[in-house]
>>> print(open('final-v1.cif').read())   # mmCIF, C-alpha atoms
data_structure
#
loop_
_atom_site.group_PDB
_atom_site.id
_atom_site.type_symbol
_atom_site.label_atom_id
_atom_site.label_comp_id
_atom_site.auth_asym_id
_atom_site.auth_seq_id
_atom_site.Cartn_x
_atom_site.Cartn_y
_atom_site.Cartn_z
ATOM 1 C CA MET T 1347 89.102 -10.894 -168.641
ATOM 2 C CA ALA T 1348 88.665 -14.267 -170.310
ATOM 3 C CA VAL T 1349 91.802 -16.246 -171.076
ATOM 4 C CA SER T 1350 91.822 -19.211 -173.421
ATOM 5 C CA TYR T 1351 94.169 -22.050 -172.508
ATOM 6 C CA PRO T 1352 94.025 -24.825 -175.108
ATOM 7 C CA HIS T 1353 96.990 -23.436 -177.075
ATOM 8 C CA CYS T 1354 99.230 -23.510 -174.032
ATOM 9 C CA LEU T 1355 98.167 -26.466 -171.879
ATOM 10 C CA GLN T 1356 98.633 -30.198 -172.028
ATOM 11 C CA SER T 1357 98.240 -33.347 -169.951
ATOM 12 C CA LEU T 1358 96.051 -31.657 -167.366
ATOM 13 C CA ARG T 1359 94.931 -33.700 -164.379
ATOM 14 C CA VAL T 1360 92.780 -32.307 -161.601
ATOM 15 C CA THR T 1361 92.487 -33.955 -158.201
ATOM 16 C CA PRO T 1362 90.943 -32.665 -154.972
ATOM 17 C CA ARG T 1363 94.329 -30.967 -154.405
ATOM 18 C CA THR T 1364 94.273 -29.461 -157.899
ATOM 19 C CA ARG T 1365 97.254 -30.797 -159.800
ATOM 20 C CA LEU T 1366 97.835 -29.717 -163.344
ATOM 21 C CA SER T 1367 100.437 -28.865 -165.924
ATOM 22 C CA VAL T 1368 100.421 -26.035 -168.423
ATOM 23 C CA SER T 1369 101.995 -24.631 -171.579
ATOM 24 C CA THR T 1370 105.569 -25.803 -171.796
ATOM 25 C CA VAL T 1371 104.597 -27.763 -168.706
ATOM 26 C CA ASP T 1372 104.532 -31.493 -168.017
ATOM 27 C CA PHE T 1373 102.699 -31.792 -164.737
ATOM 28 C CA TRP T 1374 101.823 -30.203 -161.437
ATOM 29 C CA ARG T 1375 104.156 -31.606 -158.756
ATOM 30 C CA GLY T 1376 103.277 -30.706 -155.181
ATOM 31 C CA ASN T 1377 102.825 -26.956 -155.365
ATOM 32 C CA ARG T 1378 104.779 -26.291 -158.545
ATOM 33 C CA ILE T 1379 104.247 -26.325 -162.254
ATOM 34 C CA VAL T 1380 106.943 -28.337 -164.056
ATOM 35 C CA LYS T 1381 107.636 -27.534 -167.679
ATOM 36 C CA SER T 1382 107.673 -29.363 -170.987
ATOM 37 C CA CYS T 1383 107.526 -28.022 -174.553
ATOM 38 C CA SER T 1384 104.664 -29.617 -176.513
ATOM 39 C CA PRO T 1385 101.658 -27.423 -177.307
ATOM 40 C CA VAL T 1386 98.206 -28.936 -177.604
ATOM 41 C CA SER T 1387 97.105 -29.320 -181.197
ATOM 42 C CA ALA T 1388 93.675 -28.205 -182.306
ATOM 43 C CA SER T 1389 93.370 -31.507 -184.098
ATOM 44 C CA SER T 1390 94.036 -33.658 -181.039
ATOM 45 C CA LYS T 1391 92.843 -37.228 -181.156
ATOM 46 C CA LYS T 1392 91.089 -36.602 -177.820
ATOM 47 C CA PRO T 1393 89.201 -33.307 -178.325
ATOM 48 C CA HIS T 1394 87.079 -33.909 -175.244
ATOM 49 C CA GLN T 1395 90.236 -33.461 -173.140
ATOM 50 C CA ASP T 1396 90.972 -30.087 -174.762
ATOM 51 C CA LEU T 1397 87.435 -28.936 -174.093
ATOM 52 C CA SER T 1398 87.942 -29.458 -170.372
ATOM 53 C CA LEU T 1399 91.223 -27.522 -170.132
ATOM 54 C CA ASP T 1400 89.645 -24.164 -169.408
ATOM 55 C CA ALA T 1401 87.541 -25.706 -166.660
ATOM 56 C CA ARG T 1402 90.568 -27.364 -165.110
ATOM 57 C CA VAL T 1403 92.515 -24.121 -165.036
ATOM 58 C CA GLU T 1404 89.520 -22.455 -163.410
ATOM 59 C CA THR T 1405 89.654 -25.178 -160.758
ATOM 60 C CA LEU T 1406 93.282 -24.289 -160.090
ATOM 61 C CA LEU T 1407 92.443 -20.598 -159.835
ATOM 62 C CA ASP T 1408 89.607 -21.423 -157.442
ATOM 63 C CA SER T 1409 92.114 -23.186 -155.173
ATOM 64 C CA VAL T 1410 94.047 -19.963 -154.537
ATOM 65 C CA LYS T 1411 93.035 -18.204 -151.319
ATOM 66 C CA TRP T 1412 92.424 -14.734 -152.720
ATOM 67 C CA ASP T 1413 92.026 -11.944 -150.149
ATOM 68 C CA ASP T 1414 88.838 -9.916 -149.732
ATOM 69 C CA LYS T 1415 89.866 -7.811 -152.750
ATOM 70 C CA GLY T 1416 90.502 -10.858 -154.896
ATOM 71 C CA LEU T 1417 94.278 -10.511 -154.727
ATOM 72 C CA ALA T 1418 97.307 -12.563 -153.695
ATOM 73 C CA VAL T 1419 100.993 -11.701 -153.371
ATOM 74 C CA ALA T 1420 103.253 -12.822 -156.221
ATOM 75 C CA ILE T 1421 107.041 -12.814 -155.917
ATOM 76 C CA ALA T 1422 109.261 -13.026 -159.012
ATOM 77 C CA GLN T 1423 112.480 -14.978 -158.522
ATOM 78 C CA ASN T 1424 115.417 -15.544 -160.883
ATOM 79 C CA VAL T 1425 115.434 -19.226 -161.836
ATOM 80 C CA ASP T 1426 119.236 -19.332 -162.080
ATOM 81 C CA THR T 1427 120.512 -17.073 -159.287
ATOM 82 C CA GLY T 1428 117.656 -17.424 -156.821
ATOM 83 C CA ALA T 1429 117.547 -13.625 -156.504
ATOM 84 C CA VAL T 1430 114.191 -12.194 -155.473
ATOM 85 C CA LEU T 1431 113.451 -9.784 -158.315
ATOM 86 C CA MET T 1432 110.249 -8.048 -157.267
ATOM 87 C CA GLN T 1433 106.910 -8.394 -155.549
ATOM 88 C CA GLY T 1434 103.518 -7.541 -156.929
ATOM 89 C CA PHE T 1435 99.883 -8.467 -156.583
ATOM 90 C CA VAL T 1436 97.869 -10.741 -158.831
ATOM 91 C CA ASN T 1437 94.222 -11.535 -159.253
ATOM 92 C CA ARG T 1438 92.909 -14.634 -160.979
ATOM 93 C CA ASP T 1439 93.068 -12.974 -164.408
ATOM 94 C CA ALA T 1440 96.721 -11.976 -163.885
ATOM 95 C CA LEU T 1441 97.673 -15.506 -162.865
ATOM 96 C CA ALA T 1442 95.707 -16.928 -165.787
ATOM 97 C CA ALA T 1443 97.454 -14.526 -168.167
ATOM 98 C CA THR T 1444 100.853 -15.551 -166.769
ATOM 99 C CA ILE T 1445 100.071 -19.232 -167.287
ATOM 100 C CA SER T 1446 98.930 -18.514 -170.832
ATOM 101 C CA SER T 1447 101.649 -16.073 -171.970
ATOM 102 C CA ARG T 1448 104.607 -17.315 -169.896
ATOM 103 C CA LYS T 1449 105.332 -13.662 -169.047
ATOM 104 C CA ALA T 1450 105.083 -12.435 -165.431
ATOM 105 C CA THR T 1451 101.800 -10.543 -165.220
ATOM 106 C CA PHE T 1452 100.452 -8.631 -162.223
ATOM 107 C CA TYR T 1453 97.472 -6.554 -161.163
ATOM 108 C CA SER T 1454 97.995 -2.828 -160.566
ATOM 109 C CA ARG T 1455 96.009 -1.695 -157.542
ATOM 110 C CA SER T 1456 96.527 1.987 -158.374
ATOM 111 C CA ARG T 1457 95.429 1.645 -162.013
ATOM 112 C CA SER T 1458 92.968 -1.212 -161.493
ATOM 113 C CA LYS T 1459 94.302 -3.141 -164.478
ATOM 114 C CA LEU T 1460 96.608 -5.980 -165.446
ATOM 115 C CA TRP T 1461 100.176 -5.216 -166.412
ATOM 116 C CA THR T 1462 102.949 -7.412 -167.721
ATOM 117 C CA LYS T 1463 106.453 -6.770 -166.427
ATOM 118 C CA GLY T 1464 108.428 -5.524 -169.447
ATOM 119 C CA GLU T 1465 105.496 -4.232 -171.471
ATOM 120 C CA THR T 1466 107.184 -0.792 -171.503
ATOM 121 C CA SER T 1467 110.869 -1.530 -170.825
ATOM 122 C CA LEU T 1468 110.917 -4.871 -172.708
ATOM 123 C CA ASN T 1469 112.615 -6.363 -169.633
ATOM 124 C CA PHE T 1470 110.175 -9.235 -169.443
ATOM 125 C CA ILE T 1471 110.389 -11.984 -166.835
ATOM 126 C CA ASN T 1472 110.043 -15.223 -168.791
ATOM 127 C CA ILE T 1473 108.298 -17.804 -166.653
ATOM 128 C CA HIS T 1474 109.870 -21.238 -166.257
ATOM 129 C CA ASP T 1475 107.872 -22.420 -163.258
ATOM 130 C CA ILE T 1476 105.104 -21.285 -160.913
ATOM 131 C CA PHE T 1477 104.789 -22.229 -157.256
ATOM 132 C CA LEU T 1478 101.950 -21.897 -154.757
ATOM 133 C CA ASP T 1479 102.822 -21.961 -151.076
ATOM 134 C CA CYS T 1480 101.440 -24.565 -148.677
ATOM 135 C CA ASP T 1481 98.395 -22.404 -147.876
ATOM 136 C CA HIS T 1482 97.747 -21.428 -151.507
ATOM 137 C CA ASP T 1483 97.706 -17.738 -150.590
ATOM 138 C CA SER T 1484 100.982 -16.589 -152.160
ATOM 139 C CA ILE T 1485 102.711 -17.307 -155.435
ATOM 140 C CA ILE T 1486 106.244 -17.471 -156.818
ATOM 141 C CA TYR T 1487 106.933 -16.691 -160.449
ATOM 142 C CA LEU T 1488 110.202 -18.492 -161.153
ATOM 143 C CA GLY T 1489 111.645 -17.000 -164.306
ATOM 144 C CA LYS T 1490 114.482 -15.559 -166.335
ATOM 145 C CA PRO T 1491 114.557 -11.757 -166.636
ATOM 146 C CA ASP T 1492 115.459 -10.169 -169.959
ATOM 147 C CA GLY T 1493 117.141 -7.268 -168.174
ATOM 148 C CA PRO T 1494 117.029 -5.193 -164.974
ATOM 149 C CA THR T 1495 113.806 -5.726 -163.068
ATOM 150 C CA CYS T 1496 113.638 -2.518 -161.011
ATOM 151 C CA HIS T 1497 112.476 0.728 -162.606
ATOM 152 C CA THR T 1498 115.670 2.300 -161.210
ATOM 153 C CA GLY T 1499 117.755 0.078 -163.472
ATOM 154 C CA SER T 1500 118.791 -2.202 -160.622
ATOM 155 C CA GLU T 1501 118.911 -5.949 -161.200
ATOM 156 C CA THR T 1502 116.306 -6.430 -158.457
ATOM 157 C CA CYS T 1503 114.020 -4.171 -156.443
ATOM 158 C CA TYR T 1504 115.783 -5.226 -153.231
ATOM 159 C CA TYR T 1505 118.961 -3.241 -152.575
ATOM 160 C CA SER T 1506 118.270 -1.420 -149.302
ATOM 161 C CA SER T 1507 119.739 -3.433 -146.416
ATOM 162 C CA VAL T 1508 118.057 -2.799 -143.081
ATOM 163 C CA PHE T 1509 121.157 -3.811 -141.112
ATOM 164 C CA ASP T 1510 123.401 -1.560 -143.212
ATOM 165 C CA PHE T 1511 120.985 1.296 -142.538
ATOM 166 C CA LEU T 1512 121.058 0.651 -138.790
ATOM 167 C CA LYS T 1513 124.875 0.517 -138.788
ATOM 168 C CA ASN T 1514 125.156 3.790 -140.703
ATOM 169 C CA SER T 1515 125.370 6.706 -138.274
ATOM 170 C CA GLN T 1516 124.161 9.051 -141.021
ATOM 171 C CA GLY T 1517 120.991 7.011 -141.473
ATOM 172 C CA GLU T 1518 121.621 6.595 -145.188
ATOM 173 C CA GLU T 1519 120.268 3.672 -147.181
ATOM 174 C CA SER T 1520 122.736 1.215 -148.686
ATOM 175 C CA SER T 1521 122.756 0.179 -152.312
ATOM 176 C CA ASN T 1522 123.803 -3.445 -151.863
ATOM 177 C CA LEU T 1523 121.737 -5.993 -153.732
ATOM 178 C CA ALA T 1524 120.170 -8.779 -151.702
ATOM 179 C CA LEU T 1525 122.473 -11.574 -152.837
ATOM 180 C CA THR T 1526 122.983 -15.164 -151.762
ATOM 181 C CA THR T 1527 126.429 -16.229 -150.522
ATOM 182 C CA MET T 1528 127.803 -17.335 -153.886
ATOM 183 C CA TYR T 1529 126.703 -14.193 -155.687
ATOM 184 C CA SER T 1530 127.999 -11.997 -152.862
ATOM 185 C CA LEU T 1531 131.386 -13.647 -153.415
ATOM 186 C CA GLU T 1532 131.113 -13.011 -157.142
ATOM 187 C CA SER T 1533 130.307 -9.360 -156.443
ATOM 188 C CA THR T 1534 133.345 -9.024 -154.148
ATOM 189 C CA ILE T 1535 135.645 -10.565 -156.758
ATOM 190 C CA ALA T 1536 134.263 -8.161 -159.377
ATOM 191 C CA GLN T 1537 134.918 -5.258 -157.012
ATOM 192 C CA ARG T 1538 138.540 -6.364 -156.511
ATOM 193 C CA LYS T 1539 138.968 -6.566 -160.280
ATOM 194 C CA ALA T 1540 137.577 -3.041 -160.727
ATOM 195 C CA GLU T 1541 139.945 -1.721 -158.047
ATOM 196 C CA LEU T 1542 142.942 -2.818 -160.138
ATOM 197 C CA ALA T 1543 142.276 0.096 -162.471
ATOM 198 C CA SER T 1544 143.298 2.486 -159.658
ATOM 199 C CA PRO T 1545 146.818 2.971 -158.225
ATOM 200 C CA GLN T 1546 147.562 0.231 -155.696
ATOM 201 C CA ASN T 1547 148.967 0.982 -152.251
ATOM 202 C CA GLY T 1548 150.512 -1.701 -150.104
ATOM 203 C CA LYS T 1549 150.456 -5.440 -150.592
ATOM 204 C CA PRO T 1550 147.630 -6.665 -152.891
ATOM 205 C CA SER T 1551 145.008 -9.018 -151.558
ATOM 206 C CA TRP T 1552 145.120 -12.684 -152.551
ATOM 207 C CA THR T 1553 142.243 -12.158 -154.963
ATOM 208 C CA LYS T 1554 144.088 -9.304 -156.678
ATOM 209 C CA ARG T 1555 147.258 -11.405 -156.917
ATOM 210 C CA LEU T 1556 145.289 -14.121 -158.663
ATOM 211 C CA LEU T 1557 143.693 -11.593 -161.005
ATOM 212 C CA LEU T 1558 147.109 -10.221 -161.921
ATOM 213 C CA ASP T 1559 148.842 -13.570 -162.369
ATOM 214 C CA GLY T 1560 147.020 -16.013 -164.631
ATOM 215 C CA LYS T 1561 149.706 -18.669 -164.267
ATOM 216 C CA LEU T 1562 149.378 -18.596 -160.476
ATOM 217 C CA LEU T 1563 145.588 -18.725 -160.742
ATOM 218 C CA CYS T 1564 145.536 -21.775 -163.005
ATOM 219 C CA SER T 1565 148.089 -23.589 -160.844
ATOM 220 C CA LYS T 1566 145.897 -22.990 -157.774
ATOM 221 C CA ILE T 1567 142.783 -24.290 -159.549
ATOM 222 C CA ARG T 1568 144.615 -27.499 -160.481
ATOM 223 C CA GLU T 1569 146.023 -27.814 -156.964
ATOM 224 C CA GLU T 1570 142.667 -27.319 -155.248
ATOM 225 C CA ALA T 1571 140.895 -29.695 -157.661
ATOM 226 C CA ASP T 1572 143.472 -32.383 -156.868
ATOM 227 C CA GLU T 1573 142.988 -31.856 -153.131
ATOM 228 C CA LEU T 1574 139.237 -32.161 -153.579
ATOM 229 C CA CYS T 1575 139.670 -35.508 -155.354
ATOM 230 C CA ARG T 1576 141.974 -36.728 -152.607
ATOM 231 C CA THR T 1577 139.254 -36.224 -149.998
ATOM 232 C CA HIS T 1578 137.367 -38.964 -151.826
ATOM 233 C CA GLU T 1579 140.350 -41.186 -152.591
ATOM 234 C CA GLU T 1580 141.614 -41.000 -149.011
ATOM 235 C CA ASN T 1581 138.144 -41.215 -147.453
ATOM 236 C CA GLU T 1582 138.413 -37.910 -145.595
ATOM 237 C CA ASP T 1583 135.411 -36.554 -143.709
ATOM 238 C CA LYS T 1584 132.629 -34.434 -145.193
ATOM 239 C CA SER T 1585 133.864 -31.178 -143.681
ATOM 240 C CA ARG T 1586 137.189 -31.589 -145.463
ATOM 241 C CA THR T 1587 135.416 -32.197 -148.772
ATOM 242 C CA ALA T 1588 133.274 -29.108 -148.283
ATOM 243 C CA SER T 1589 136.348 -27.030 -147.457
ATOM 244 C CA GLU T 1590 138.251 -28.171 -150.535
ATOM 245 C CA MET T 1591 135.202 -27.623 -152.746
ATOM 246 C CA ALA T 1592 134.943 -24.082 -151.387
ATOM 247 C CA ASP T 1593 138.569 -23.513 -152.433
ATOM 248 C CA VAL T 1594 137.881 -24.873 -155.925
ATOM 249 C CA LEU T 1595 134.770 -22.738 -156.287
ATOM 250 C CA TYR T 1596 136.495 -19.546 -155.147
ATOM 251 C CA HIS T 1597 139.502 -19.930 -157.448
ATOM 252 C CA THR T 1598 137.383 -20.890 -160.465
ATOM 253 C CA MET T 1599 135.158 -17.859 -159.839
ATOM 254 C CA VAL T 1600 138.236 -15.640 -160.015
ATOM 255 C CA LEU T 1601 138.999 -17.182 -163.410
ATOM 256 C CA LEU T 1602 135.409 -16.556 -164.506
ATOM 257 C CA ALA T 1603 135.796 -12.896 -163.513
ATOM 258 C CA LEU T 1604 138.909 -12.642 -165.682
ATOM 259 C CA LYS T 1605 136.994 -14.184 -168.585
ATOM 260 C CA GLU T 1606 133.981 -11.925 -167.861
ATOM 261 C CA VAL T 1607 131.716 -14.935 -167.421
ATOM 262 C CA LYS T 1608 129.034 -14.721 -164.735
ATOM 263 C CA MET T 1609 128.029 -17.586 -162.461
ATOM 264 C CA GLU T 1610 124.496 -17.030 -163.714
ATOM 265 C CA ASP T 1611 125.715 -18.007 -167.197
ATOM 266 C CA VAL T 1612 127.242 -21.196 -165.797
ATOM 267 C CA VAL T 1613 124.093 -22.120 -163.869
ATOM 268 C CA GLN T 1614 121.980 -21.475 -166.957
ATOM 269 C CA VAL T 1615 124.106 -23.951 -168.927
ATOM 270 C CA LEU T 1616 123.518 -26.543 -166.185
ATOM 271 C CA ARG T 1617 119.771 -25.859 -166.195
ATOM 272 C CA LEU T 1618 119.555 -26.316 -169.942
ATOM 273 C CA ARG T 1619 121.280 -29.687 -169.586
ATOM 274 C CA PHE T 1620 118.712 -31.039 -167.119
ATOM 275 C CA SER T 1621 116.654 -32.764 -169.819
ATOM 276 C CA GLN T 1622 119.691 -33.982 -171.795
ATOM 277 C CA SER T 1623 121.865 -36.968 -171.038
ATOM 278 C CA GLY T 1624 125.545 -36.357 -170.425
ATOM 279 C CA ILE T 1625 126.471 -38.583 -173.358
ATOM 280 C CA ALA T 1626 124.207 -36.671 -175.764
ATOM 281 C CA GLU T 1627 125.489 -33.340 -174.470
ATOM 282 C CA LYS T 1628 129.125 -34.324 -175.065
ATOM 283 C CA LYS T 1629 128.277 -35.533 -178.560
ATOM 284 C CA SER T 1630 126.638 -32.187 -179.351
ATOM 285 C CA ARG T 1631 129.752 -30.337 -178.212
ATOM 286 C CA ALA T 1632 131.941 -32.547 -180.412
ATOM 287 C CA ALA T 1633 129.671 -31.871 -183.401
ATOM 288 C CA GLN T 1634 129.828 -28.111 -182.806
ATOM 289 C CA GLY T 1635 133.607 -28.155 -182.427
#
>>> encode(input="final-v1.cif", output="structure tokens")
Amino acid sequence: MAVSYPHCLQSLRVTPRTRLSVSTVDFWRGNRIVKSCSPVSASSKKPHQDLSLDARVETLLDSVKWDDKGLAVAIAQNVDTGAVLMQGFVNRDALAATISSRKATFYSRSRSKLWTKGETSLNFINIHDIFLDCDHDSIIYLGKPDGPTCHTGSETCYYSSVFDFLKNSQGEESSNLALTTMYSLESTIAQRKAELASPQNGKPSWTKRLLLDGKLLCSKIREEADELCRTHEENEDKSRTASEMADVLYHTMVLLALKEVKMEDVVQVLRLRFSQSGIAEKKSRAAQG
């Protein structure tokens, strides 16, 4: 499968360690592709550079340590949550297609053909970055999924905890997503909110009290934010600052649950601000308001 790159690559630079940048990509930093948004024009003032793009991408593909079947492992990861979405295999054509299309593309060993995640379900994984590991024998597709990644409808393909299985005397698999600490907390808060729909027995948990009393919740957020600031003003130690920040984060996440806003949405907003100055961002908000 031949893939043409000039429409999606710019500012390529190849060194003995193979550094390049592609598509909405600025440059190759270490083992990762960092993005930009300017396509290469067919009428470039330096056409000789465009002519060498395909060759430079081939040099990158040559640097990957493909196994004896011409494959390497590729792991798709959510750019905002850090969740590991799925694992597949890629050959050089699949990686080339991913670089060109910005959609996570893999190689099916059973069907002996390329396939793009979402080509049937439309739940594409839109690539923001690509990483090679230190040995160049495995790949991370860092992207934003359009919907559930697993064919079961689960957010990720990883929801069977080995430790939960070993603890379960019945030997049944769990259905808990592999989540990082912050998203595990978000999941617990969401569970407490869902439990409020059922009759309550006994004294409610602190999280449920906050969910039921918006005035109390907002007063706690203000209180914890003030205590966080005081750790700086009063030169308290780092552990105290971390503790107060944890309190702020927890209480604000309860508010987000009430507003049905996910942490992923918040992190996405931060990511989109990376290339924008704080002053310009505030001006844009004022113009919209």
>>> residues_around(input="final-v1.cif", residues="segment 1462-1478 of chain T", least_positions_apart="2", cutoff="8 Å", atoms="all atoms listed in the file", output="VMD selection string")
chain T and resid 1377 to 1381 1422 1425 1444 1448 to 1452 1460 1480 to 1495
>>> residues_around(input="final-v1.cif", residues="Gln1614 of chain T", least_positions_apart="6", cutoff="12 Å", atoms="all atoms listed in the file", output="PyMOL selection string")
chain T and resi 1424-1428+1489-1490+1607-1608+1620
>>> residues_around(input="final-v1.cif", residues="segment 1540-1544 of chain T", least_positions_apart="2", cutoff="9 Å", atoms="all atoms listed in the file", output="ChimeraX atom specification")
/T:1535-1538,1546,1554,1557-1558
>>> write_last_selection(input="final-v1.cif", atoms="C-alpha atoms", output="short mmCIF file (atom, residue, chain, number, x, y, z; two decimals), in the coordinates of the input")
data_model
loop_
_atom_site.label_atom_id
_atom_site.label_comp_id
_atom_site.auth_asym_id
_atom_site.auth_seq_id
_atom_site.Cartn_x
_atom_site.Cartn_y
_atom_site.Cartn_z
CA ILE T 1535 135.65 -10.56 -156.76
CA ALA T 1536 134.26 -8.16 -159.38
CA GLN T 1537 134.92 -5.26 -157.01
CA ARG T 1538 138.54 -6.36 -156.51
CA GLN T 1546 147.56 0.23 -155.70
CA LYS T 1554 144.09 -9.30 -156.68
CA LEU T 1557 143.69 -11.59 -161.00
CA LEU T 1558 147.11 -10.22 -161.92
#
>>> resolve_selection(input="final-v1.cif", expression="the PyMOL selection byres ((chain T and resi 1413) around 12)", output="PyMOL selection string")
chain T and resi 1410-1412+1414-1419+1435-1438+1482-1484
>>> closest_residue(input="final-v1.cif", among="T:Thr1526, T:Ser1506, T:Asn1514, T:Ser1409", to="Ala1429 of chain T", atoms="only C-alpha atoms")
T:Thr1526
>>> atom_distance(input="final-v1.cif", atom1="atom CA of Leu1604 of chain T", atom2="atom CA of Thr1553 of chain T")
11.2 Å
>>> atom_distance(input="final-v1.cif", atom1="atom CA of Ile1445 of chain T", atom2="atom CA of Leu1618 of chain T")
20.9 Å
>>> decode(input="final-v1.cif", residues="segment 1535-1548 of chain T", atoms="N, CA, C and O atoms", output="short mmCIF file (atom, residue, chain, number, x, y, z; two decimals), in the first residue's frame")
data_model
loop_
_atom_site.label_atom_id
_atom_site.label_comp_id
_atom_site.auth_asym_id
_atom_site.auth_seq_id
_atom_site.Cartn_x
_atom_site.Cartn_y
_atom_site.Cartn_z
N ILE T 1535 -17.94 9.43 42.68
CA ILE T 1535 -18.88 10.52 42.90
C ILE T 1535 -20.14 10.31 42.06
O ILE T 1535 -21.27 10.51 42.53
N ALA T 1536 -19.96 9.88 40.81
CA ALA T 1536 -21.10 9.61 39.94
C ALA T 1536 -21.97 8.49 40.50
O ALA T 1536 -23.21 8.53 40.42
N GLN T 1537 -21.32 7.50 41.09
CA GLN T 1537 -22.06 6.38 41.70
C GLN T 1537 -22.89 6.87 42.89
O GLN T 1537 -24.05 6.48 43.05
N ARG T 1538 -22.29 7.74 43.72
CA ARG T 1538 -23.03 8.29 44.87
C ARG T 1538 -24.22 9.11 44.39
O ARG T 1538 -25.30 9.08 45.00
N LYS T 1539 -24.05 9.84 43.32
CA LYS T 1539 -25.15 10.63 42.77
C LYS T 1539 -26.28 9.72 42.29
O LYS T 1539 -27.46 9.99 42.53
N ALA T 1540 -25.92 8.63 41.61
CA ALA T 1540 -26.93 7.70 41.10
C ALA T 1540 -27.69 7.03 42.24
O ALA T 1540 -28.89 6.75 42.13
N GLU T 1541 -26.99 6.79 43.36
CA GLU T 1541 -27.62 6.13 44.51
C GLU T 1541 -28.70 6.99 45.16
O GLU T 1541 -29.58 6.47 45.85
N LEU T 1542 -28.66 8.30 44.93
CA LEU T 1542 -29.65 9.19 45.53
C LEU T 1542 -31.05 8.95 44.98
O LEU T 1542 -32.04 9.35 45.60
N ALA T 1543 -31.13 8.29 43.84
CA ALA T 1543 -32.43 8.00 43.25
C ALA T 1543 -33.17 6.89 44.00
O ALA T 1543 -34.37 6.72 43.84
N SER T 1544 -32.43 6.15 44.85
CA SER T 1544 -33.02 5.05 45.62
C SER T 1544 -33.27 5.51 47.05
O SER T 1544 -32.64 6.46 47.52
N PRO T 1545 -34.19 4.87 47.76
CA PRO T 1545 -34.46 5.21 49.17
C PRO T 1545 -33.17 5.13 49.99
O PRO T 1545 -32.38 4.19 49.83
N GLN T 1546 -32.94 6.12 50.84
CA GLN T 1546 -31.72 6.19 51.62
C GLN T 1546 -31.95 5.66 53.03
O GLN T 1546 -32.93 6.01 53.68
N ASN T 1547 -31.05 4.82 53.48
CA ASN T 1547 -31.11 4.28 54.84
C ASN T 1547 -29.90 4.78 55.62
O ASN T 1547 -28.77 4.73 55.14
N GLY T 1548 -30.15 5.27 56.81
CA GLY T 1548 -29.04 5.72 57.65
C GLY T 1548 -28.55 7.09 57.25
O GLY T 1548 -29.11 7.79 56.39
#
